[in-house]
file run-v8.txt (compact mmCIF, C-alpha atoms and all ligand atoms)
# COMPACT_ATOMS: atom_id res chain seq x y z
CA MET A 1 -15.87 12.68 -15.64
CA ALA A 2 -14.50 11.24 -18.91
CA LEU A 3 -13.74 7.59 -18.17
CA PRO A 4 -13.07 5.02 -20.89
CA LYS A 5 -16.17 3.10 -22.05
CA PRO A 6 -16.33 -0.60 -21.19
CA SER A 7 -16.74 -3.24 -23.89
CA PRO A 8 -20.30 -4.57 -24.38
CA ASP A 9 -19.32 -7.76 -22.48
CA ALA A 10 -17.90 -5.84 -19.55
CA GLN A 11 -20.98 -3.60 -19.50
CA ALA A 12 -23.25 -6.67 -19.38
CA TYR A 13 -21.16 -8.09 -16.55
CA SER A 14 -21.52 -4.86 -14.60
CA ASP A 15 -25.27 -4.68 -15.33
CA ALA A 16 -25.72 -8.18 -13.86
CA LEU A 17 -23.96 -7.17 -10.64
CA LYS A 18 -26.00 -3.95 -10.51
CA GLN A 19 -29.13 -6.08 -10.70
CA ARG A 20 -27.80 -8.41 -7.98
CA ILE A 21 -27.14 -5.44 -5.65
CA GLY A 22 -30.51 -3.87 -6.53
CA ASP A 23 -32.30 -7.12 -5.65
CA GLU A 24 -30.58 -7.14 -2.28
CA ILE A 25 -31.57 -3.52 -1.61
CA GLU A 26 -35.20 -4.37 -2.35
CA ALA A 27 -35.10 -7.53 -0.24
CA ALA A 28 -33.67 -5.46 2.63
CA GLY A 29 -36.63 -3.05 2.51
CA GLY A 30 -35.06 -0.38 0.26
CA TRP A 31 -31.71 0.39 1.93
CA ILE A 32 -28.35 -1.26 2.54
CA GLY A 33 -25.37 0.31 4.32
CA PHE A 34 -22.54 1.37 2.02
CA VAL A 35 -20.40 -1.27 3.73
CA ARG A 36 -22.61 -3.98 2.19
CA PHE A 37 -22.67 -2.24 -1.19
CA MET A 38 -18.85 -2.21 -1.22
CA GLU A 39 -18.69 -5.84 -0.12
CA LEU A 40 -20.96 -6.89 -3.00
CA ALA A 41 -19.26 -4.61 -5.55
CA LEU A 42 -15.86 -6.11 -4.73
CA TYR A 43 -16.59 -9.66 -3.53
CA ALA A 44 -20.05 -10.90 -4.67
CA PRO A 45 -19.17 -14.49 -5.68
CA GLY A 46 -18.25 -14.68 -9.36
CA MET A 47 -19.46 -11.10 -9.97
CA GLY A 48 -17.53 -8.67 -7.77
CA TYR A 49 -14.49 -6.71 -8.87
CA TYR A 50 -12.05 -9.03 -7.07
CA SER A 51 -14.08 -12.25 -7.30
CA GLY A 52 -14.93 -11.87 -10.98
CA GLY A 53 -12.96 -11.53 -14.17
CA ALA A 54 -11.86 -7.87 -14.13
CA HIS A 55 -8.18 -7.58 -14.97
CA LYS A 56 -7.36 -5.38 -11.93
CA PHE A 57 -3.55 -5.13 -11.52
CA GLY A 58 -0.80 -3.77 -13.74
CA ALA A 59 -0.65 -1.72 -16.91
CA ALA A 60 -3.65 -3.47 -18.52
CA GLY A 61 -5.73 -3.18 -15.36
CA ASP A 62 -6.93 -0.36 -13.14
CA PHE A 63 -4.08 0.29 -10.69
CA VAL A 64 -0.49 -0.73 -10.02
CA THR A 65 0.65 -2.02 -6.62
CA ALA A 66 4.22 -2.05 -5.29
CA PRO A 67 4.95 -5.74 -6.05
CA GLU A 68 3.79 -5.13 -9.63
CA ILE A 69 6.04 -2.09 -10.06
CA SER A 70 9.19 -4.10 -9.50
CA SER A 71 10.57 -7.28 -7.92
CA LEU A 72 12.70 -4.94 -5.79
CA PHE A 73 9.75 -4.48 -3.42
CA SER A 74 9.32 -8.18 -2.61
CA GLN A 75 13.07 -8.83 -2.61
CA THR A 76 13.45 -6.11 0.02
CA LEU A 77 10.46 -7.29 2.05
CA ALA A 78 12.18 -10.70 2.13
CA ALA A 79 14.77 -9.30 4.56
CA GLN A 80 11.98 -8.60 7.06
CA ALA A 81 10.19 -11.88 6.44
CA ALA A 82 13.45 -13.80 6.97
CA GLN A 83 14.10 -12.08 10.29
CA VAL A 84 10.57 -12.70 11.59
CA MET A 85 10.84 -16.37 10.59
CA ALA A 86 14.25 -16.67 12.29
CA LEU A 87 12.68 -15.28 15.47
CA SER A 88 9.56 -17.48 15.30
CA ALA A 89 9.03 -20.34 12.82
CA PRO A 90 9.86 -20.89 9.11
CA GLN A 91 6.37 -20.29 7.79
CA ILE A 92 4.64 -17.47 5.95
CA ILE A 93 1.00 -16.67 5.34
CA GLU A 94 0.27 -14.01 2.76
CA VAL A 95 -3.23 -12.57 2.82
CA GLY A 96 -4.79 -11.06 -0.31
CA ALA A 97 -2.04 -12.11 -2.69
CA GLY A 98 -3.35 -10.35 -5.81
CA SER A 99 -1.64 -11.62 -8.95
CA GLY A 100 0.83 -13.80 -7.01
CA ARG A 101 3.80 -11.69 -8.04
CA LEU A 102 4.82 -10.86 -4.46
CA ALA A 103 4.72 -14.54 -3.45
CA ALA A 104 6.87 -15.64 -6.40
CA ASP A 105 9.47 -12.88 -6.02
CA LEU A 106 9.63 -13.22 -2.24
CA LEU A 107 10.13 -16.99 -2.41
CA LEU A 108 12.91 -16.64 -5.00
CA GLU A 109 14.67 -14.07 -2.85
CA LEU A 110 14.31 -16.15 0.31
CA GLU A 111 15.81 -19.08 -1.58
CA LEU A 112 18.77 -16.90 -2.52
CA ARG A 113 19.19 -15.94 1.14
CA GLY A 114 18.95 -19.59 2.27
CA ALA A 115 15.83 -18.71 4.26
CA LEU A 116 12.98 -20.47 2.48
CA PRO A 117 9.85 -21.07 4.55
CA GLU A 118 8.74 -24.68 4.91
CA ARG A 119 5.20 -23.60 3.96
CA TYR A 120 3.89 -20.51 2.22
CA GLY A 121 0.14 -20.25 2.79
CA ILE A 122 -1.99 -17.89 0.73
CA LEU A 123 -5.34 -16.73 1.98
CA GLU A 124 -7.32 -15.21 -0.86
CA LEU A 125 -11.05 -14.53 -1.07
CA SER A 126 -11.18 -14.54 -4.84
CA GLY A 127 -11.25 -17.89 -6.70
CA GLU A 128 -10.25 -16.14 -9.91
CA LEU A 129 -7.17 -14.67 -8.23
CA ARG A 130 -6.20 -18.00 -6.65
CA GLU A 131 -5.90 -19.44 -10.13
CA ARG A 132 -3.91 -16.45 -11.31
CA GLN A 133 -1.59 -16.75 -8.28
CA ARG A 134 -0.98 -20.42 -8.97
CA ALA A 135 -0.17 -19.70 -12.62
CA SER A 136 2.12 -16.83 -11.75
CA ILE A 137 4.12 -18.84 -9.18
CA ALA A 138 4.25 -21.81 -11.60
CA GLN A 139 5.71 -19.49 -14.22
CA ARG A 140 8.17 -17.46 -12.12
CA ALA A 141 9.21 -20.00 -9.48
CA PRO A 142 8.03 -23.46 -10.64
CA HIS A 143 10.39 -25.38 -8.34
CA LEU A 144 8.90 -23.62 -5.29
CA LEU A 145 5.22 -24.14 -6.10
CA ALA A 146 5.04 -27.33 -3.99
CA ARG A 147 5.67 -25.22 -0.86
CA VAL A 148 2.61 -23.07 -1.49
CA ASP A 149 -0.85 -23.91 -0.10
CA TRP A 150 -4.08 -22.02 -0.57
CA LEU A 151 -6.03 -21.75 2.67
CA ASN A 152 -9.81 -21.50 2.88
CA ARG A 153 -9.92 -19.61 6.14
CA LEU A 154 -7.71 -18.15 8.84
CA PRO A 155 -5.85 -20.95 10.66
CA GLU A 156 -6.60 -21.88 14.29
CA HIS A 157 -3.00 -21.27 15.31
CA PHE A 158 0.06 -19.92 13.51
CA ASP A 159 3.73 -19.20 14.25
CA GLY A 160 5.72 -17.27 11.65
CA ALA A 161 5.35 -14.22 9.40
CA VAL A 162 2.02 -12.90 8.13
CA LEU A 163 2.32 -10.55 5.16
CA ALA A 164 -0.26 -8.40 3.41
CA ASN A 165 0.22 -5.64 0.87
CA GLU A 166 -2.80 -3.43 0.19
CA LEU A 167 -5.20 -5.78 1.95
CA LEU A 168 -6.77 -3.54 4.58
CA ASP A 169 -7.63 -0.80 2.07
CA ALA A 170 -9.68 -3.34 0.10
CA MET A 171 -11.92 -4.24 3.04
CA PRO A 172 -15.47 -2.82 3.01
CA VAL A 173 -15.93 0.37 5.06
CA SER A 174 -18.97 1.98 6.68
CA LEU A 175 -19.62 5.58 5.64
CA VAL A 176 -20.60 7.95 8.41
CA VAL A 177 -21.89 11.53 8.40
CA TRP A 178 -21.57 13.58 11.57
CA ASN A 179 -24.29 16.21 11.89
CA ASP A 180 -24.83 18.53 14.84
CA ALA A 181 -27.75 16.66 16.31
CA MET A 182 -27.13 13.14 15.07
CA ILE A 183 -24.71 10.69 13.53
CA HIS A 184 -25.88 9.03 10.32
CA GLU A 185 -24.71 5.97 8.43
CA ARG A 186 -24.64 6.53 4.68
CA GLY A 187 -26.24 3.80 2.62
CA VAL A 188 -27.61 3.02 -0.79
CA SER A 189 -31.21 2.92 -2.09
CA LEU A 190 -32.72 2.65 -5.57
CA GLU A 191 -34.53 5.42 -7.43
CA ASN A 192 -35.81 4.70 -10.95
CA GLY A 193 -33.45 1.73 -11.11
CA GLU A 194 -30.37 3.80 -10.20
CA PHE A 195 -28.36 3.77 -6.97
CA VAL A 196 -28.80 6.84 -4.79
CA TRP A 197 -27.28 7.83 -1.44
CA ARG A 198 -29.55 7.72 1.61
CA ASP A 199 -28.55 8.40 5.22
CA ARG A 200 -30.05 6.70 8.26
CA PRO A 201 -29.39 7.17 11.98
CA ALA A 202 -26.26 5.14 12.78
CA GLN A 203 -26.63 2.16 15.08
CA GLY A 204 -24.64 -0.49 16.90
CA ARG A 205 -20.85 -0.64 16.57
CA VAL A 206 -20.74 1.97 13.81
CA LEU A 207 -22.53 4.46 16.08
CA GLU A 208 -20.28 3.55 19.01
CA ARG A 209 -17.08 4.15 16.98
CA ALA A 210 -18.47 7.30 15.36
CA GLN A 211 -19.46 8.73 18.75
CA ALA A 212 -15.99 8.00 20.15
CA LEU A 213 -14.44 9.87 17.20
CA ALA A 214 -16.78 12.83 17.73
CA ASP A 215 -15.74 12.92 21.40
CA GLU A 216 -12.05 13.00 20.44
CA TYR A 217 -11.89 15.26 17.37
CA VAL A 218 -13.44 18.39 15.94
CA LEU A 219 -15.80 17.08 13.26
CA PRO A 220 -17.75 20.03 11.81
CA ALA A 221 -21.44 19.51 10.87
CA GLY A 222 -21.70 17.52 7.65
CA TYR A 223 -18.25 15.93 8.11
CA SER A 224 -18.17 12.52 6.43
CA SER A 225 -15.60 9.75 6.57
CA GLU A 226 -15.19 6.00 6.82
CA ILE A 227 -14.99 3.49 9.65
CA ASN A 228 -13.33 0.16 8.81
CA LEU A 229 -14.62 -2.38 11.33
CA ALA A 230 -13.58 -5.30 9.10
CA ALA A 231 -9.90 -4.32 9.19
CA ALA A 232 -9.98 -3.98 12.99
CA ASP A 233 -11.74 -7.35 13.38
CA TRP A 234 -9.30 -9.04 11.00
CA THR A 235 -6.33 -7.71 12.99
CA ALA A 236 -7.90 -8.76 16.28
CA ALA A 237 -8.41 -12.28 14.94
CA TRP A 238 -4.62 -12.63 14.61
CA GLY A 239 -4.26 -11.84 18.30
CA ARG A 240 -6.02 -15.14 18.96
CA ILE A 241 -4.23 -17.08 16.20
CA LEU A 242 -0.62 -15.98 16.53
CA GLY A 243 1.59 -17.91 18.97
CA ARG A 244 4.97 -16.40 18.09
CA GLY A 245 5.54 -14.21 15.07
CA ALA A 246 4.55 -10.97 13.41
CA LEU A 247 2.12 -9.42 10.97
CA VAL A 248 3.78 -7.05 8.52
CA LEU A 249 1.12 -4.97 6.79
CA ILE A 250 1.77 -2.43 4.06
CA ASP A 251 -0.89 0.02 3.01
CA TYR A 252 -1.74 3.65 2.43
CA GLY A 253 -3.14 5.62 5.29
CA PHE A 254 -2.39 7.69 8.36
CA PRO A 255 -2.56 7.76 12.14
CA ARG A 256 -6.06 8.54 13.38
CA HIS A 257 -5.47 12.23 14.16
CA GLU A 258 -4.53 12.77 10.51
CA TYR A 259 -7.27 10.51 9.15
CA TYR A 260 -10.05 12.37 10.95
CA HIS A 261 -8.43 15.76 10.50
CA GLU A 262 -10.96 18.60 10.47
CA GLN A 263 -10.02 19.45 6.88
CA ARG A 264 -10.30 15.90 5.52
CA ASN A 265 -14.05 16.41 5.65
CA THR A 266 -15.13 14.07 2.86
CA GLY A 267 -13.07 11.06 3.91
CA THR A 268 -10.73 8.99 1.75
CA LEU A 269 -13.01 6.76 -0.34
CA MET A 270 -11.56 6.35 -3.82
CA CYS A 271 -12.33 4.36 -6.98
CA HIS A 272 -9.88 3.21 -9.64
CA TYR A 273 -10.87 2.43 -13.19
CA ARG A 274 -8.25 2.03 -15.93
CA HIS A 275 -5.68 4.09 -14.07
CA GLN A 276 -8.02 6.98 -13.35
CA ALA A 277 -8.89 7.76 -9.75
CA HIS A 278 -12.33 9.20 -9.01
CA GLY A 279 -14.92 9.35 -6.23
CA GLU A 280 -18.01 7.67 -7.77
CA PRO A 281 -18.50 4.22 -6.23
CA PHE A 282 -21.78 3.64 -8.11
CA TYR A 283 -19.98 3.79 -11.46
CA LEU A 284 -19.75 0.40 -13.24
CA PRO A 285 -19.99 -1.93 -10.23
CA GLY A 286 -17.72 -4.95 -10.67
CA LEU A 287 -15.44 -3.18 -13.14
CA GLN A 288 -13.73 -0.72 -10.81
CA ASP A 289 -11.87 -0.93 -7.53
CA ILE A 290 -13.25 0.82 -4.46
CA THR A 291 -10.88 1.55 -1.62
CA ALA A 292 -10.36 3.65 1.51
CA HIS A 293 -7.18 4.67 3.33
CA VAL A 294 -6.28 2.87 6.56
CA ASP A 295 -6.60 4.37 10.04
CA PHE A 296 -3.46 2.75 11.49
CA THR A 297 -4.34 3.79 15.05
CA ALA A 298 -7.48 1.64 14.79
CA ILE A 299 -5.32 -1.29 13.64
CA VAL A 300 -2.94 -0.93 16.59
CA GLU A 301 -5.81 -0.60 19.09
CA ALA A 302 -7.58 -3.67 17.72
CA GLY A 303 -4.33 -5.66 17.84
CA PHE A 304 -3.46 -4.38 21.29
CA ASP A 305 -6.87 -5.36 22.71
CA ALA A 306 -6.32 -8.86 21.26
CA GLY A 307 -2.87 -9.29 22.81
CA LEU A 308 -0.62 -8.14 19.93
CA GLU A 309 2.29 -5.79 20.52
CA LEU A 310 3.21 -2.96 18.19
CA LEU A 311 6.65 -3.87 16.79
CA GLY A 312 7.06 -0.91 14.45
CA TYR A 313 5.35 1.67 12.25
CA THR A 314 7.08 3.70 9.58
CA THR A 315 6.83 4.93 6.01
CA GLN A 316 7.32 2.55 3.10
CA ALA A 317 10.44 4.54 2.15
CA SER A 318 12.08 4.11 5.56
CA PHE A 319 11.06 0.46 5.74
CA LEU A 320 12.55 -0.39 2.34
CA LEU A 321 15.74 1.56 3.03
CA ASN A 322 16.11 -0.15 6.43
CA CYS A 323 15.61 -3.53 4.74
CA GLY A 324 18.44 -2.89 2.27
CA LEU A 325 16.82 -1.60 -0.92
CA PRO A 326 20.02 0.20 -2.08
CA GLU A 327 22.08 -3.01 -1.70
CA ILE A 328 19.51 -5.01 -3.66
CA LEU A 329 19.40 -2.34 -6.36
CA GLY A 330 23.22 -2.48 -6.36
CA ARG A 331 23.09 -6.07 -7.65
CA THR A 332 22.35 -4.56 -11.07
CA PRO A 333 25.52 -2.88 -12.36
CA ALA A 334 25.03 0.87 -12.85
CA ASP A 335 27.24 0.72 -15.95
CA ASP A 336 24.57 -1.38 -17.65
CA PRO A 337 22.02 1.43 -18.11
CA LYS A 338 19.55 -0.69 -20.07
CA ARG A 339 19.00 -2.89 -17.02
CA TYR A 340 19.91 -0.42 -14.30
CA LEU A 341 17.79 2.59 -15.24
CA PRO A 342 14.37 0.85 -15.12
CA GLN A 343 15.33 -0.62 -11.73
CA ALA A 344 16.47 2.76 -10.41
CA ARG A 345 13.24 4.37 -11.65
CA ALA A 346 11.18 1.67 -9.91
CA ALA A 347 13.12 2.13 -6.66
CA GLN A 348 12.48 5.85 -6.92
CA LYS A 349 8.74 5.25 -7.32
CA LEU A 350 8.69 3.01 -4.24
CA ILE A 351 10.51 5.46 -1.98
CA SER A 352 9.94 8.97 -3.33
CA PRO A 353 7.76 11.08 -1.00
CA ALA A 354 5.98 12.39 -4.11
CA GLU A 355 5.00 8.83 -5.11
CA MET A 356 4.56 5.88 -2.70
CA GLY A 357 7.29 6.55 -0.16
CA ASP A 358 5.40 8.62 2.40
CA LEU A 359 1.72 7.85 1.89
CA PHE A 360 2.30 4.10 2.17
CA LYS A 361 3.15 2.88 5.66
CA VAL A 362 4.34 -0.39 7.10
CA ILE A 363 3.10 -1.61 10.44
CA ALA A 364 4.26 -4.68 12.35
CA LEU A 365 2.29 -6.27 15.17
CA GLY A 366 3.32 -9.45 16.89
CA LYS A 367 3.77 -11.75 19.81
CA GLY A 368 6.85 -13.24 21.43
CA ILE A 369 9.30 -11.14 19.36
CA ASP A 370 11.88 -9.34 21.50
CA ALA A 371 14.32 -8.06 18.88
CA THR A 372 14.00 -4.78 16.96
CA LEU A 373 12.66 -5.59 13.53
CA VAL A 374 15.10 -4.65 10.78
CA GLY A 375 12.52 -2.65 8.81
CA PHE A 376 11.96 -0.25 11.68
CA ALA A 377 15.56 0.12 12.87
CA GLU A 378 15.59 3.80 11.90
CA ASN A 379 12.82 6.37 11.70
CA ASP A 380 10.24 4.31 13.60
CA ARG A 381 7.16 6.52 13.94
CA SER A 382 5.18 4.41 16.39
CA GLU A 383 4.76 7.40 18.69
CA THR A 384 2.63 9.18 16.04
CA LEU A 385 -0.13 6.56 16.29
C1 LIG A 401 -5.76 -4.24 -3.55
S1 LIG A 401 -5.57 -5.97 -3.78
C2 LIG A 401 -3.84 -6.17 -3.41
C3 LIG A 401 -3.25 -7.38 -4.03
C4 LIG A 401 -1.76 -7.66 -3.78
N1 LIG A 401 -1.47 -7.84 -2.37
C5 LIG A 401 -0.87 -6.60 -4.38
O1 LIG A 401 -0.25 -5.88 -3.62
O2 LIG A 401 -0.82 -6.49 -5.60
C6 LIG A 401 -6.43 -6.68 -2.40
C7 LIG A 401 -6.38 -8.19 -2.33
O3 LIG A 401 -6.92 -8.64 -1.07
C8 LIG A 401 -7.86 -9.69 -1.29
N2 LIG A 401 -8.73 -9.70 -0.09
C9 LIG A 401 -9.53 -8.72 0.36
N3 LIG A 401 -10.08 -9.03 1.55
C10 LIG A 401 -9.58 -10.23 1.90
C11 LIG A 401 -9.73 -11.08 3.04
N4 LIG A 401 -10.52 -10.74 4.06
N5 LIG A 401 -9.04 -12.25 3.06
C12 LIG A 401 -8.23 -12.59 2.04
N6 LIG A 401 -8.04 -11.83 0.94
C13 LIG A 401 -8.71 -10.67 0.86
C14 LIG A 401 -8.45 -9.32 -2.64
O4 LIG A 401 -9.13 -10.38 -3.24
C15 LIG A 401 -7.16 -8.92 -3.38
O5 LIG A 401 -6.40 -10.03 -3.79

call {"tool": "encode", "arguments": {"input": "run-v8.txt", "output": "structure tokens"}}
result
Amino acid sequence: MALPKPSPDAQAYSDALKQRIGDEIEAAGGWIGFVRFMELALYAPGMGYYSGGAHKFGAAGDFVTAPEISSLFSQTLAAQAAQVMALSAPQIIEVGAGSGRLAADLLLELELRGALPERYGILELSGELRERQRASIAQRAPHLLARVDWLNRLPEHFDGAVLANELLDAMPVSLVVWNDAMIHERGVSLENGEFVWRDRPAQGRVLERAQALADEYVLPAGYSSEINLAAADWTAAWGRILGRGALVLIDYGFPRHEYYHEQRNTGTLMCHYRHQAHGEPFYLPGLQDITAHVDFTAIVEAGFDAGLELLGYTTQASFLLNCGLPEILGRTPADDPKRYLPQARAAQKLISPAEMGDLFKVIALGKGIDATLVGFAENDRSETL
């Protein structure tokens, strides 16, 4: 694998996190579950990939997300946010706001539509990103910054729209290996100062979920995949918090029967470093993203058990088309190719099945919403979950 070399500073930063994780492995008796490794690699305070100084998003970072590709994404999402607010309350919470680009573009578009929220709360684990979000909103939408609050935890109660783009895929997952006789949880140990994989008999909730999957699907001996308990718990928490409103979550993934397909026998874990995707999570901890696809059936089940209704599930392409992407693109005159062509290319990237259009899905879960949500008006695929 030929990945670009980090600078000496970045290497030292990664070495410090490696030491921090190694210390925890030793303190735990020589083994931690991969779920804890991923949590530390991404979120160890001041050191993890998201909580530390890595650049992360955009051309100079490691990966590009939809709001970073073009403002068209957030402008289009605004149609859905406005409808949810009209049906509930004029408030938004965005979770995992990255660079703050989505928040700024969404607020500007809602202003244009005369549908500004009274409050726009951002819930973000990373202190470094909070600062970046504040700076980005101050730069792009300075007159709207006063409406934005940064929250320290989930609220007790909330009415309105909850938005998250690529949040669930960034939550730490447990790795599981199904063997004929036993189900193992894959974890991390140290050998000569280096991380190595070690499997242990699975226990507790991981075992329970893994056993249920083995009962439902054909998982040949040696099959390995992920279980994301954090994403399910996070969704369930909103069942207790939400009075009236909806969560609109955008992420890559599949319904469960596709996720745990017999042929997807090494799971979906993926790392991103300087725009190269690879499968080595031990490489340069703190400098690369680690992510797994989302099992959307698990999200619906967790929400359902907590009192949330499924309001829609479809591809990103259908969602954006339903929310009026062509009309928003049409604001840029096609006879001005210098401005129009980059916009058209970005729209293509967002909706093309060969790019983000099909792999990325949008799911809406909510309470007290009777109307059909605009983003799911056509091509709702809820029945595939
Ligand atoms: C892959 S990034 C996506 C960022 C942004 N939404 C975008 O689309 O560009 C994941 C984001 O979620 C944040 N995050 C992860 N888990 C979180 C949690 N439980 N609560 C709040 N933020 C979280 C990360 O710090 C990061 O900002």

call {"tool": "residues_near_ligand", "arguments": {"input": "run-v8.txt", "ligand": "ligand LIG 401 (chain A)", "cutoff": "7 Å", "atoms": "only C-alpha atoms and all ligand atoms", "output": "VMD selection string"}}
result
chain A and resid 50 to 51 57 65 to 68 95 to 99 123 to 126 129 164 to 167 169 to 171

call {"tool": "closest_residue", "arguments": {"input": "run-v8.txt", "among": "A:Gly187, A:Gly204, A:Gly330, A:Gly243", "to": "Ala344 of chain A", "atoms": "all atoms listed in the file"}}
result
A:Gly330

call {"tool": "atom_distance", "arguments": {"input": "run-v8.txt", "atom1": "atom CA of His272 of chain A", "atom2": "atom CA of Thr76 of chain A"}}
result
26.9 Å

call {"tool": "residues_around", "arguments": {"input": "run-v8.txt", "residues": "Met270 of chain A", "least_positions_apart": "2", "cutoff": "12 Å", "atoms": "all atoms listed in the file", "output": "list in words"}}
result
Met38, Phe63, Asp169, Ala170, Val173, Ser225, Glu226, Tyr252, Thr266, Gly267, Thr268, His272, Tyr273, Gln276, Ala277, His278, Gly279, Glu280, Pro281, Phe282, Tyr283, Gln288, Asp289, Ile290, Thr291, Ala292 and His293 of chain A

call {"tool": "write_last_selection", "arguments": {"input": "run-v8.txt", "atoms": "C-alpha atoms", "output": "PDB file, keeping the file's coordinate frame"}}
result
ATOM      1  CA  MET A  38     -18.850  -2.210  -1.220  1.00  0.00           C
ATOM      2  CA  PHE A  63      -4.080   0.290 -10.690  1.00  0.00           C
ATOM      3  CA  ASP A 169      -7.630  -0.800   2.070  1.00  0.00           C
ATOM      4  CA  ALA A 170      -9.680  -3.340   0.100  1.00  0.00           C
ATOM      5  CA  VAL A 173     -15.930   0.370   5.060  1.00  0.00           C
ATOM      6  CA  SER A 225     -15.600   9.750   6.570  1.00  0.00           C
ATOM      7  CA  GLU A 226     -15.190   6.000   6.820  1.00  0.00           C
ATOM      8  CA  TYR A 252      -1.740   3.650   2.430  1.00  0.00           C
ATOM      9  CA  THR A 266     -15.130  14.070   2.860  1.00  0.00           C
ATOM     10  CA  GLY A 267     -13.070  11.060   3.910  1.00  0.00           C
ATOM     11  CA  THR A 268     -10.730   8.990   1.750  1.00  0.00           C
ATOM     12  CA  HIS A 272      -9.880   3.210  -9.640  1.00  0.00           C
ATOM     13  CA  TYR A 273     -10.870   2.430 -13.190  1.00  0.00           C
ATOM     14  CA  GLN A 276      -8.020   6.980 -13.350  1.00  0.00           C
ATOM     15  CA  ALA A 277      -8.890   7.760  -9.750  1.00  0.00           C
ATOM     16  CA  HIS A 278     -12.330   9.200  -9.010  1.00  0.00           C
ATOM     17  CA  GLY A 279     -14.920   9.350  -6.230  1.00  0.00           C
ATOM     18  CA  GLU A 280     -18.010   7.670  -7.770  1.00  0.00           C
ATOM     19  CA  PRO A 281     -18.500   4.220  -6.230  1.00  0.00           C
ATOM     20  CA  PHE A 282     -21.780   3.640  -8.110  1.00  0.00           C
ATOM     21  CA  TYR A 283     -19.980   3.790 -11.460  1.00  0.00           C
ATOM     22  CA  GLN A 288     -13.730  -0.720 -10.810  1.00  0.00           C
ATOM     23  CA  ASP A 289     -11.870  -0.930  -7.530  1.00  0.00           C
ATOM     24  CA  ILE A 290     -13.250   0.820  -4.460  1.00  0.00           C
ATOM     25  CA  THR A 291     -10.880   1.550  -1.620  1.00  0.00           C
ATOM     26  CA  ALA A 292     -10.360   3.650   1.510  1.00  0.00           C
ATOM     27  CA  HIS A 293      -7.180   4.670   3.330  1.00  0.00           C
TER      28      HIS A 293
END

call {"tool": "closest_residue", "arguments": {"input": "run-v8.txt", "among": "A:Leu249, A:Leu229, A:Ala214, A:Ile137", "to": "Glu94 of chain A", "atoms": "all atoms listed in the file"}}
result
A:Leu249

call {"tool": "closest_residue", "arguments": {"input": "run-v8.txt", "among": "A:Val162, A:Leu102, A:Leu287, A:Val300", "to": "Ala41 of chain A", "atoms": "all atoms listed in the file"}}
result
A:Leu287

call {"tool": "atom_distance", "arguments": {"input": "run-v8.txt", "atom1": "atom CA of Ala103 of chain A", "atom2": "atom CA of Pro337 of chain A"}}
result
27.7 Å

call {"tool": "closest_residue", "arguments": {"input": "run-v8.txt", "among": "A:Ala161, A:Glu383, A:Val206, A:Gly312", "to": "Val84 of chain A", "atoms": "all atoms listed in the file"}}
result
A:Ala161

call {"tool": "closest_residue", "arguments": {"input": "run-v8.txt", "among": "A:Tyr13, A:Phe34, A:Met85, A:Ala141", "to": "His184 of chain A", "atoms": "all atoms listed in the file"}}
result
A:Phe34

call {"tool": "closest_residue", "arguments": {"input": "run-v8.txt", "among": "A:Arg256, A:Lys5, A:Arg147, A:Arg264", "to": "Pro117 of chain A", "atoms": "all atoms listed in the file"}}
result
A:Arg147
